[in-house]
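The file query-v9.txt contains compact mmCIF, C-alpha atoms and all ligand atoms:
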```
# COMPACT_ATOMS: atom_id res chain seq x y z
CA MET A 1 206.88 56.18 11.82
CA SER A 2 209.59 57.51 14.12
CA GLU A 3 213.19 56.30 14.02
CA TYR A 4 213.06 55.34 17.68
CA ASP A 5 214.07 51.77 18.53
CA PHE A 6 210.97 50.19 20.08
CA LYS A 7 212.47 46.68 20.23
CA PRO A 8 213.49 46.85 23.91
CA ILE A 9 209.90 47.82 24.84
CA ILE A 10 208.50 45.04 22.65
CA ASP A 11 210.90 42.50 24.21
CA ALA A 12 210.09 43.61 27.76
CA VAL A 13 206.34 43.19 27.10
CA VAL A 14 207.00 39.75 25.63
CA ASP A 15 209.05 38.82 28.71
CA GLY A 16 206.37 40.18 31.05
CA GLU A 17 208.91 42.40 32.81
CA GLY A 18 206.72 45.17 34.20
CA ASP A 19 209.50 47.20 35.83
CA ASP A 20 211.53 47.16 32.63
CA VAL A 21 208.54 48.14 30.50
CA VAL A 22 207.79 51.08 32.78
CA GLU A 23 211.42 52.23 32.74
CA LEU A 24 211.69 51.91 28.95
CA VAL A 25 208.38 53.70 28.37
CA GLN A 26 209.52 56.52 30.62
CA GLY A 27 212.77 56.65 28.61
CA ALA A 28 210.83 56.90 25.35
CA LEU A 29 208.70 59.73 26.77
CA ASP A 30 211.83 61.52 27.94
CA ALA A 31 213.16 61.20 24.38
CA GLY A 32 210.04 63.00 23.14
CA ILE A 33 208.23 60.00 21.65
CA PRO A 34 204.44 60.56 21.63
CA ALA A 35 202.36 58.25 23.85
CA THR A 36 200.35 56.98 20.87
CA ASP A 37 203.55 55.89 19.08
CA ILE A 38 204.72 54.05 22.19
CA ILE A 39 201.40 52.19 22.31
CA ASP A 40 201.15 51.46 18.56
CA GLN A 41 204.81 50.62 17.90
CA GLY A 42 205.92 49.22 21.26
CA LEU A 43 203.19 47.85 23.51
CA VAL A 44 200.70 46.51 20.96
CA PRO A 45 203.31 44.73 18.76
CA GLY A 46 204.73 43.20 21.99
CA MET A 47 201.30 41.87 22.93
CA GLN A 48 200.87 40.56 19.38
CA ILE A 49 203.98 38.41 19.81
CA VAL A 50 202.61 37.22 23.16
CA SER A 51 199.34 36.26 21.39
CA ASP A 52 201.24 34.34 18.72
CA LYS A 53 203.26 32.48 21.33
CA TYR A 54 200.01 31.57 23.12
CA ASP A 55 198.51 30.29 19.85
CA GLN A 56 201.65 28.21 19.26
CA LYS A 57 201.37 26.78 22.80
CA GLU A 58 204.74 28.25 23.68
CA TYR A 59 203.09 30.59 26.23
CA PHE A 60 200.34 29.76 28.72
CA VAL A 61 197.85 31.83 30.72
CA PRO A 62 200.34 32.89 33.45
CA ASP A 63 202.64 34.23 30.72
CA LEU A 64 199.74 36.16 29.20
CA ALA A 65 198.93 37.57 32.62
CA ALA A 66 202.53 38.71 33.23
CA SER A 67 202.68 40.49 29.86
CA ALA A 68 199.19 41.93 30.37
CA ASP A 69 200.18 43.31 33.78
CA ALA A 70 203.33 44.84 32.30
CA MET A 71 201.26 46.46 29.59
CA THR A 72 198.71 47.77 32.10
CA GLU A 73 201.44 49.36 34.21
CA ALA A 74 202.79 51.11 31.12
CA LEU A 75 199.32 52.24 30.05
CA ASP A 76 198.78 53.79 33.48
CA ILE A 77 201.70 56.11 32.72
CA LEU A 78 200.56 56.86 29.18
CA LYS A 79 196.82 57.36 29.74
CA PRO A 80 197.02 60.83 31.33
CA LEU A 81 199.13 61.95 28.37
CA LEU A 82 196.42 60.91 25.93
CA ASP A 83 193.82 62.94 27.86
CA GLN A 84 194.75 66.27 26.37
CA SER A 85 191.59 67.72 24.94
CA GLU A 86 189.13 67.85 27.84
CA SER A 87 187.57 71.08 26.64
CA GLU A 88 186.42 69.61 23.34
CA ASP A 89 183.04 67.95 23.09
CA LYS A 90 183.15 65.53 20.24
CA GLY A 91 180.38 63.33 21.68
CA THR A 92 179.60 60.97 24.55
CA VAL A 93 180.72 57.34 24.49
CA VAL A 94 179.83 54.49 26.83
CA ILE A 95 182.45 51.74 26.59
CA GLY A 96 183.05 48.39 28.26
CA VAL A 97 183.96 44.73 27.84
CA VAL A 98 181.01 42.39 27.41
CA LYS A 99 179.55 40.08 30.04
CA GLU A 100 181.61 37.02 31.11
CA CYS A 101 184.87 38.57 29.95
CA SER A 102 187.54 40.29 31.99
CA GLN A 103 190.10 40.91 29.23
CA GLU A 104 190.39 44.66 29.16
CA ILE A 105 193.68 45.88 27.71
CA GLY A 106 192.32 46.56 24.23
CA LYS A 107 189.28 48.34 25.65
CA ASN A 108 191.51 50.42 27.94
CA ILE A 109 193.55 51.57 24.96
CA VAL A 110 190.49 52.46 22.92
CA ALA A 111 188.89 54.28 25.89
CA ALA A 112 192.06 56.29 26.54
CA MET A 113 192.43 57.20 22.86
CA LEU A 114 188.80 58.28 22.53
CA SER A 115 189.14 60.41 25.62
CA GLY A 116 192.35 61.89 24.25
CA ALA A 117 190.52 62.66 21.00
CA GLY A 118 187.95 64.79 22.83
CA TYR A 119 185.10 62.37 23.57
CA LYS A 120 183.46 62.22 26.98
CA VAL A 121 184.05 58.56 27.85
CA TYR A 122 182.18 56.53 30.47
CA ASP A 123 184.18 53.34 30.98
CA LEU A 124 182.10 50.59 32.61
CA GLY A 125 185.07 48.22 32.91
CA THR A 126 184.72 44.51 32.27
CA ASN A 127 181.96 41.89 32.51
CA VAL A 128 179.29 44.44 31.56
CA SER A 129 175.82 43.00 30.92
CA PRO A 130 173.66 44.26 28.05
CA ASP A 131 171.28 45.78 30.64
CA ALA A 132 174.13 47.65 32.34
CA PHE A 133 175.31 49.05 29.01
CA ILE A 134 171.81 50.27 28.14
CA ALA A 135 171.20 51.74 31.61
CA LYS A 136 174.38 53.82 31.33
CA VAL A 137 173.62 54.88 27.76
CA LYS A 138 170.24 56.19 28.97
CA GLU A 139 171.67 57.82 32.11
CA VAL A 140 174.33 59.86 30.29
CA HIS A 141 172.47 60.29 26.96
CA ALA A 142 175.33 58.63 25.11
CA ASP A 143 175.81 59.11 21.38
CA ILE A 144 177.89 55.98 20.93
CA LEU A 145 177.92 52.59 22.62
CA ALA A 146 181.34 50.96 22.16
CA MET A 147 181.61 47.30 23.14
CA SER A 148 184.74 45.20 23.33
CA ASN A 149 184.50 41.47 22.64
CA PRO A 150 187.79 39.56 22.99
CA MET A 151 186.17 36.09 23.11
CA LEU A 152 184.04 34.37 20.49
CA GLN A 153 181.65 32.81 22.98
CA THR A 154 180.45 36.19 24.25
CA THR A 155 179.57 37.59 20.80
CA LYS A 156 175.88 36.96 21.55
CA TYR A 157 175.93 39.74 24.15
CA LEU A 158 176.78 42.33 21.49
CA LYS A 159 173.59 41.44 19.65
CA GLU A 160 171.59 41.30 22.87
CA ALA A 161 172.67 44.85 23.70
CA ALA A 162 171.72 46.07 20.22
CA GLU A 163 168.30 44.44 20.52
CA LYS A 164 167.74 45.97 23.95
CA LEU A 165 168.66 49.39 22.61
CA GLU A 166 166.13 48.90 19.82
CA ALA A 167 163.47 47.78 22.33
CA GLU A 168 164.07 51.01 24.26
CA GLY A 169 163.37 52.99 21.09
CA LEU A 170 166.91 54.41 21.13
CA ARG A 171 168.40 52.69 18.10
CA ASP A 172 168.22 55.78 15.87
CA LYS A 173 169.73 58.04 18.55
CA VAL A 174 172.67 55.87 19.58
CA LYS A 175 175.30 54.38 17.31
CA ILE A 176 176.91 51.05 18.19
CA THR A 177 180.55 50.34 17.46
CA ILE A 178 182.35 47.13 18.30
CA GLY A 179 185.84 45.68 18.38
CA GLY A 180 188.10 43.16 20.09
CA ALA A 181 190.11 40.10 19.14
CA SER A 182 187.11 37.92 18.31
CA THR A 183 185.37 40.41 16.04
CA THR A 184 185.81 41.22 12.36
CA ALA A 185 184.13 43.57 9.92
CA ALA A 186 181.60 40.79 9.32
CA THR A 187 180.63 40.62 13.01
CA LYS A 188 179.16 44.10 12.75
CA ASP A 189 176.19 42.94 10.66
CA GLN A 190 175.67 39.73 12.65
CA VAL A 191 175.25 41.67 15.87
CA LEU A 192 173.32 44.63 14.41
CA ALA A 193 176.09 47.14 15.12
CA ASP A 194 176.84 50.24 13.02
CA ALA A 195 180.60 49.94 12.88
CA TRP A 196 183.65 47.82 13.66
CA SER A 197 187.25 48.93 14.08
CA LYS A 198 190.48 47.03 14.28
CA ASP A 199 192.13 49.40 16.76
CA GLY A 200 191.92 52.66 18.66
CA ASN A 201 193.12 54.87 15.81
CA GLU A 202 190.53 53.48 13.46
CA CYS A 203 187.87 53.76 16.18
CA ILE A 204 188.49 57.51 16.43
CA GLN A 205 187.93 57.90 12.66
CA VAL A 206 184.85 55.71 12.82
CA CYS A 207 183.36 57.59 15.78
CA GLY A 208 183.88 60.86 13.90
CA ARG A 209 181.84 59.44 11.02
CA LEU A 210 179.14 58.10 13.36
CA MET A 211 178.80 61.50 15.04
CA GLU A 212 178.39 63.15 11.62
CA GLU A 213 175.63 60.67 10.82
CA LEU A 214 173.88 61.40 14.12
CA ARG A 215 174.11 65.15 13.63
CA ALA A 216 173.04 65.05 9.95
C1 LIG B 301 196.35 38.99 27.38
C2 LIG B 301 195.28 37.94 27.16
C3 LIG B 301 194.63 37.48 28.30
C4 LIG B 301 194.83 38.09 29.70
C5 LIG B 301 193.97 39.37 29.78
C6 LIG B 301 194.53 40.35 30.82
C7 LIG B 301 193.72 41.62 30.91
N1 LIG B 301 193.82 42.23 32.07
O1 LIG B 301 193.05 42.08 30.01
C8 LIG B 301 194.31 36.94 30.63
C9 LIG B 301 195.48 36.08 31.04
C10 LIG B 301 193.54 37.37 31.86
C11 LIG B 301 193.43 36.16 29.63
C12 LIG B 301 192.46 35.27 30.04
C13 LIG B 301 191.74 34.46 29.17
N2 LIG B 301 191.90 34.40 27.82
CO1 LIG B 301 192.94 35.64 26.79
N3 LIG B 301 194.08 36.54 25.63
C14 LIG B 301 194.97 37.45 25.85
C15 LIG B 301 195.65 37.78 24.49
C16 LIG B 301 196.95 36.99 24.37
C17 LIG B 301 195.97 39.23 24.24
C18 LIG B 301 194.81 40.18 24.50
C19 LIG B 301 195.35 41.58 24.53
O2 LIG B 301 195.40 42.21 25.57
N4 LIG B 301 195.81 42.06 23.36
C20 LIG B 301 196.39 43.40 23.23
C21 LIG B 301 195.29 44.39 22.91
C22 LIG B 301 195.92 45.76 22.68
O3 LIG B 301 194.65 43.95 21.73
P1 LIG B 301 193.11 43.70 21.63
O4 LIG B 301 192.56 43.20 22.92
O5 LIG B 301 192.84 42.88 20.43
O6 LIG B 301 192.51 45.16 21.41
C23 LIG B 301 192.72 45.90 20.22
C24 LIG B 301 191.65 45.64 19.14
O7 LIG B 301 191.05 44.37 19.23
C25 LIG B 301 190.70 46.76 19.30
N5 LIG B 301 189.61 46.72 20.29
C26 LIG B 301 189.55 46.07 21.46
N6 LIG B 301 188.42 46.36 22.10
C27 LIG B 301 187.74 47.22 21.33
C28 LIG B 301 186.51 47.83 21.52
C29 LIG B 301 186.03 48.68 20.55
C30 LIG B 301 184.71 49.35 20.76
C31 LIG B 301 186.78 48.91 19.38
C32 LIG B 301 186.24 49.78 18.32
C33 LIG B 301 188.02 48.30 19.19
C34 LIG B 301 188.49 47.46 20.17
O8 LIG B 301 191.55 47.84 19.66
C35 LIG B 301 192.54 47.36 20.59
C36 LIG B 301 193.75 48.26 20.52
O9 LIG B 301 194.50 48.06 19.37
C37 LIG B 301 194.55 37.29 23.48
C38 LIG B 301 195.05 36.92 22.08
C39 LIG B 301 194.64 37.90 21.02
N7 LIG B 301 194.87 37.52 19.81
O10 LIG B 301 194.09 38.93 21.29
C40 LIG B 301 193.96 36.13 24.24
C41 LIG B 301 192.54 35.68 23.94
C42 LIG B 301 191.61 36.88 23.75
N8 LIG B 301 192.19 34.97 25.17
C43 LIG B 301 191.53 33.89 24.96
C44 LIG B 301 191.09 32.99 25.97
C45 LIG B 301 190.47 31.70 25.49
C46 LIG B 301 191.21 33.31 27.34
C47 LIG B 301 190.74 32.47 28.53
C48 LIG B 301 189.40 31.76 28.37
C49 LIG B 301 191.91 31.49 28.84
C50 LIG B 301 191.67 30.50 29.95
N9 LIG B 301 191.67 29.26 29.54
O11 LIG B 301 191.49 30.88 31.08
C51 LIG B 301 190.69 33.52 29.65
C52 LIG B 301 189.33 34.25 29.69
C53 LIG B 301 189.06 34.94 30.98
C54 LIG B 301 187.76 35.73 30.90
N10 LIG B 301 186.63 35.12 31.06
O12 LIG B 301 187.82 36.91 30.68
C55 LIG B 301 191.28 33.66 23.48
C56 LIG B 301 189.84 33.90 23.02
C57 LIG B 301 189.48 32.85 22.00
C58 LIG B 301 188.14 33.01 21.42
N11 LIG B 301 188.11 33.05 20.11
O13 LIG B 301 187.16 33.10 22.08
C59 LIG B 301 192.36 34.57 22.82
C60 LIG B 301 191.97 35.14 21.44
C61 LIG B 301 193.64 33.70 22.68
C62 LIG B 301 193.49 32.56 21.68
N12 LIG B 301 194.01 32.70 20.49
O14 LIG B 301 192.91 31.55 21.99
N13 LIG B 301 193.74 36.45 28.34
```
Show me, as structure tokens, the structure contained in the file I just sent.
Amino acid sequence: MSEYDFKPIIDAVVDGEGDDVVELVQGALDAGIPATDIIDQGLVPGMQIVSDKYDQKEYFVPDLAASADAMTEALDILKPLLDQSESEDKGTVVIGVVKECSQEIGKNIVAAMLSGAGYKVYDLGTNVSPDAFIAKVKEVHADILAMSNPMLQTTKYLKEAAEKLEAEGLRDKVKITIGGASTTAATKDQVLADAWSKDGNECIQVCGRLMEELRA
């Protein structure tokens, strides 16, 4: 943990003030704070407060959208700084948000962190059908399929993708990892996935383990 005061960044995310967030993030970078610390200790805790306010009916969808936009603007600055190990080849990951969902901030963070950790990442964006996931996995010979599921009602698509992968005879060649606000460690077994992670840092550890299993 650095001594840096992340509260102004947290507050600006909570207030949905994109310009302020960008300025403060730039200030943190200028002060030598690593991009991952800015995400983990500034942006994500800010969004957590936003989530709590939404749960308590203090915030509504337009407030979420303002904070989400502020966070996205900040991530656009930070993403290139996470992409630092292009020469490494840790493995190939196909990532996306499941069908019927357009909530992508968490997935964007995980994708950027995986890429920064040396994985070749194919990001399919949001609203990705099980068929589209499998088609990309086959096209790029992916090692890992990483699916983000922010909403409970779309959990079925995680399982559908796993079943389709099995039907293609690829289940022993491709590992499936999942995450997102509406998943827990228990979801992994329900949807026939290999792993679940709570955040990007954990996902990097988990993908390292999955790659070892594939290469064993
Ligand atoms: C911001 C937000 C929005 C924004 C999204 C903007 C965007 N461009 O992405 C907007 C306003 C668009 C939105 C819309 C909706 N939202 Co919303 N939203 C949120 C909120 C408050 C925060 C999400 C977020 O960005 N968090 C910050 C990121 C960093 O966290 P994260 O997404 O959890 O990701 C982290 C981990 O989960 C993990 N992770 C994420 N993906 C992956 C993938 C892998 C492979 C791995 C390993 C890990 C991983 O790592 C990430 C980094 O730490 C959540 C509340 C919450 N508790 O999450 C609700 C929430 C997800 N939304 C919800 C709902 C209901 C909706 C709407 C239906 C609301 C409506 N009535 O219109 C719509 C759905 C639209 C649709 N079909 O997609 C519900 C879902 C409830 C449920 N159980 O199904 C939540 C949980 C709020 C709630 N408590 O009710 N939302």
**Message:** Residues near A:Lys138, anyone? I mean within 12 Å using only C-alpha atoms, not counting same-chain ones fewer than 3 positions away, as a list in words.
**Reply:**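 Within the cut-off, the hits are Thr92, Val93, Val94, Asp131, Ala132, Phe133, Ile134, Ala135, His141, Ala142, Asp143, Ile144, Leu145, Lys164, Leu165, Glu168, Gly169, Leu170, Arg171, Lys173 and Val174 of chain A.
Near A:Glu100, within 9 Å and counting all atoms listed in the file, sit Thr126, Asn127, Val128, Ser129 and Thr154 of chain A, not including residues fewer than 5 positions from it in the same chain.
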Selected residues written out, C-alpha atoms, as an mmCIF file, in the frame of the given file:
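Wrote out-v3.cif, looks like this:
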```
data_model
loop_
_atom_site.group_PDB
_atom_site.id
_atom_site.type_symbol
_atom_site.label_atom_id
_atom_site.label_comp_id
_atom_site.auth_asym_id
_atom_site.auth_seq_id
_atom_site.Cartn_x
_atom_site.Cartn_y
_atom_site.Cartn_z
ATOM 1 C CA THR A 126 184.720 44.510 32.270
ATOM 2 C CA ASN A 127 181.960 41.890 32.510
ATOM 3 C CA VAL A 128 179.290 44.440 31.560
ATOM 4 C CA SER A 129 175.820 43.000 30.920
ATOM 5 C CA THR A 154 180.450 36.190 24.250
#
```
**Request:** For atom CA of A:Arg209 and atom CA of A:Ile178, determine how far apart the two atoms are, in Å to one decimal place.
**Result:** 14.3 Å
**Prompt:** A:Lys159, A:Lys198, A:Lys136, A:Lys90: which is nearest A:Leu214, counting all atoms listed in the file?
**Reply:** A:Lys90
**Request:** List all protein, DNA and RNA residues that have at least one atom no more than 6 Å from any atom of ligand LIG 301 (chain B), counting all atoms listed in the file, and write them as a PyMOL selection string.
**Result:** chain A and resi 44+47+50-51+55+61+64-65+68+100-107+109-110+146-148+150-153+177-182+196-200+203
How would the residues just picked look written out with C-alpha atoms as a PDB file, keeping the file's coordinate frame?
```
ATOM      1  CA  VAL A  44     200.700  46.510  20.960  1.00  0.00           C
ATOM      2  CA  MET A  47     201.300  41.870  22.930  1.00  0.00           C
ATOM      3  CA  VAL A  50     202.610  37.220  23.160  1.00  0.00           C
ATOM      4  CA  SER A  51     199.340  36.260  21.390  1.00  0.00           C
ATOM      5  CA  ASP A  55     198.510  30.290  19.850  1.00  0.00           C
ATOM      6  CA  VAL A  61     197.850  31.830  30.720  1.00  0.00           C
ATOM      7  CA  LEU A  64     199.740  36.160  29.200  1.00  0.00           C
ATOM      8  CA  ALA A  65     198.930  37.570  32.620  1.00  0.00           C
ATOM      9  CA  ALA A  68     199.190  41.930  30.370  1.00  0.00           C
ATOM     10  CA  GLU A 100     181.610  37.020  31.110  1.00  0.00           C
ATOM     11  CA  CYS A 101     184.870  38.570  29.950  1.00  0.00           C
ATOM     12  CA  SER A 102     187.540  40.290  31.990  1.00  0.00           C
ATOM     13  CA  GLN A 103     190.100  40.910  29.230  1.00  0.00           C
ATOM     14  CA  GLU A 104     190.390  44.660  29.160  1.00  0.00           C
ATOM     15  CA  ILE A 105     193.680  45.880  27.710  1.00  0.00           C
ATOM     16  CA  GLY A 106     192.320  46.560  24.230  1.00  0.00           C
ATOM     17  CA  LYS A 107     189.280  48.340  25.650  1.00  0.00           C
ATOM     18  CA  ILE A 109     193.550  51.570  24.960  1.00  0.00           C
ATOM     19  CA  VAL A 110     190.490  52.460  22.920  1.00  0.00           C
ATOM     20  CA  ALA A 146     181.340  50.960  22.160  1.00  0.00           C
ATOM     21  CA  MET A 147     181.610  47.300  23.140  1.00  0.00           C
ATOM     22  CA  SER A 148     184.740  45.200  23.330  1.00  0.00           C
ATOM     23  CA  PRO A 150     187.790  39.560  22.990  1.00  0.00           C
ATOM     24  CA  MET A 151     186.170  36.090  23.110  1.00  0.00           C
ATOM     25  CA  LEU A 152     184.040  34.370  20.490  1.00  0.00           C
ATOM     26  CA  GLN A 153     181.650  32.810  22.980  1.00  0.00           C
ATOM     27  CA  THR A 177     180.550  50.340  17.460  1.00  0.00           C
ATOM     28  CA  ILE A 178     182.350  47.130  18.300  1.00  0.00           C
ATOM     29  CA  GLY A 179     185.840  45.680  18.380  1.00  0.00           C
ATOM     30  CA  GLY A 180     188.100  43.160  20.090  1.00  0.00           C
ATOM     31  CA  ALA A 181     190.110  40.100  19.140  1.00  0.00           C
ATOM     32  CA  SER A 182     187.110  37.920  18.310  1.00  0.00           C
ATOM     33  CA  TRP A 196     183.650  47.820  13.660  1.00  0.00           C
ATOM     34  CA  SER A 197     187.250  48.930  14.080  1.00  0.00           C
ATOM     35  CA  LYS A 198     190.480  47.030  14.280  1.00  0.00           C
ATOM     36  CA  ASP A 199     192.130  49.400  16.760  1.00  0.00           C
ATOM     37  CA  GLY A 200     191.920  52.660  18.660  1.00  0.00           C
ATOM     38  CA  CYS A 203     187.870  53.760  16.180  1.00  0.00           C
TER      39      CYS A 203
END
```
**Request:** Please measure the separation of atom CA of A:Gly208 and atom CA of A:Leu78, giving the value in Å to one decimal.
**Result:**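 Going from atom CA of A:Gly208 over to atom CA of A:Leu78, I get 23.0 Å.
In this comparison, which uses all atoms listed in the file, the residue of A:Val97, A:Leu43, A:Ala185, A:Met211 approaching A:Met71 most closely is A:Leu43.
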**Asked** If you count all atoms listed in the file, which residues fall within 8 Å of A:Leu82, apart from same-chain ones fewer than 4 positions away, as a ChimeraX atom specification?
**Response** /A:35-36,78,112-113,115-117
**Request:** Find the residues near A:Ile38: any atom within 8 Å, counting only C-alpha atoms, skip ones fewer than 5 places away on the same chain, and give them as a list in words.
**Result:**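 The filter keeps Phe6, Val25, Ala28, Ile33 and Leu43 of chain A.
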**Request:** Please work out which residues fall within 12 Å of (174.6, 47.5, 11.5), coordinates as given in the file, with all atoms listed in the file counting, and return them as a list of chain:residue names.
**Result:**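 Nearby residues: A:Leu158, A:Lys159, A:Ala162, A:Glu163, A:Glu166, A:Arg171, A:Asp172, A:Val174, A:Lys175, A:Ile176, A:Thr177, A:Ile178, A:Ala185, A:Ala186, A:Thr187, A:Lys188, A:Asp189, A:Gln190, A:Val191, A:Leu192, A:Ala193, A:Asp194, A:Ala195, A:Trp196, A:Leu210.
Between atom CA of A:Ile204 and atom CA of A:Val21 there is a distance of 26.2 Å.
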**Message:** With distances taken over only C-alpha atoms, which residue among A:Asp15, A:Glu212, A:Asp20, A:Asp37 lies nearest A:Leu81?
**Reply:** A:Asp37
Go ahead and fit an axis-aligned box to every listed atom of stretch 166-185 of chain A plus 5 Å each side, and pass me the centre and edge lengths in Å, one decimal, as AutoDock Vina command-line options.
```
--center_x 176.7 --center_y 48.0 --center_z 17.1 --size_x 36.7 --size_y 30.1 --size_z 24.3
```
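Residue nearest A:Asp5, chosen from A:Gly32, A:Gln41, A:Glu23, A:Asn108 and counting all atoms listed in the file: A:Gln41.
Residue nearest A:Val22 within the list A:Val140, A:Leu124, A:Ala161, A:Ile10: A:Ile10 [criterion: smallest interatomic distance, only C-alpha atoms].
Between A:Lys156 and the candidates A:Pro130, A:Lys53, A:Glu139, A:Gly27, the tightest atom-to-atom separation, counting all atoms listed in the file, involves A:Pro130.
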For stretch 39-54 of chain A, which lacks atoms in the input, supply N, CA, C and O atoms and format the output as a short mmCIF file (atom, residue, chain, number, x, y, z; two decimals), in the frame of the given file.
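Resulting contents of result19.cif:
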```cif
data_model
loop_
_atom_site.label_atom_id
_atom_site.label_comp_id
_atom_site.auth_asym_id
_atom_site.auth_seq_id
_atom_site.Cartn_x
_atom_site.Cartn_y
_atom_site.Cartn_z
N ILE A 39 202.43 53.24 22.27
CA ILE A 39 201.40 52.19 22.31
C ILE A 39 201.40 51.40 20.99
O ILE A 39 201.51 50.17 20.99
N ASP A 40 201.32 52.12 19.87
CA ASP A 40 201.15 51.46 18.56
C ASP A 40 202.39 50.70 18.10
O ASP A 40 202.28 49.68 17.43
N GLN A 41 203.59 51.23 18.45
CA GLN A 41 204.81 50.62 17.90
C GLN A 41 205.60 49.83 18.93
O GLN A 41 206.54 49.12 18.58
N GLY A 42 205.21 49.95 20.22
CA GLY A 42 205.92 49.22 21.26
C GLY A 42 205.01 48.21 21.97
O GLY A 42 205.20 47.00 21.86
N LEU A 43 204.01 48.72 22.67
CA LEU A 43 203.19 47.85 23.51
C LEU A 43 202.34 46.86 22.71
O LEU A 43 202.34 45.66 22.99
N VAL A 44 201.61 47.39 21.71
CA VAL A 44 200.70 46.51 20.96
C VAL A 44 201.46 45.43 20.17
O VAL A 44 201.10 44.25 20.23
N PRO A 45 202.55 45.80 19.44
CA PRO A 45 203.31 44.73 18.76
C PRO A 45 203.86 43.70 19.76
O PRO A 45 203.93 42.51 19.44
N GLY A 46 204.25 44.15 20.96
CA GLY A 46 204.73 43.20 21.99
C GLY A 46 203.63 42.21 22.34
O GLY A 46 203.86 40.99 22.39
N MET A 47 202.43 42.74 22.56
CA MET A 47 201.30 41.87 22.93
C MET A 47 200.93 40.95 21.78
O MET A 47 200.46 39.83 21.99
N GLN A 48 201.15 41.40 20.54
CA GLN A 48 200.87 40.56 19.38
C GLN A 48 201.78 39.33 19.39
O GLN A 48 201.33 38.21 19.11
N ILE A 49 203.05 39.55 19.74
CA ILE A 49 203.98 38.41 19.81
C ILE A 49 203.54 37.45 20.92
O ILE A 49 203.56 36.23 20.76
N VAL A 50 203.10 38.04 22.05
CA VAL A 50 202.61 37.22 23.16
C VAL A 50 201.43 36.36 22.67
O VAL A 50 201.36 35.15 22.95
N SER A 51 200.51 36.98 21.92
CA SER A 51 199.34 36.26 21.39
C SER A 51 199.79 35.10 20.51
O SER A 51 199.27 33.99 20.61
N ASP A 52 200.77 35.39 19.63
CA ASP A 52 201.24 34.34 18.72
C ASP A 52 201.87 33.18 19.50
O ASP A 52 201.65 32.01 19.19
N LYS A 53 202.61 33.53 20.54
CA LYS A 53 203.26 32.48 21.33
C LYS A 53 202.19 31.63 22.05
O LYS A 53 202.34 30.43 22.21
N TYR A 54 201.11 32.29 22.47
CA TYR A 54 200.01 31.57 23.12
C TYR A 54 199.35 30.62 22.11
O TYR A 54 199.10 29.46 22.41
#
```
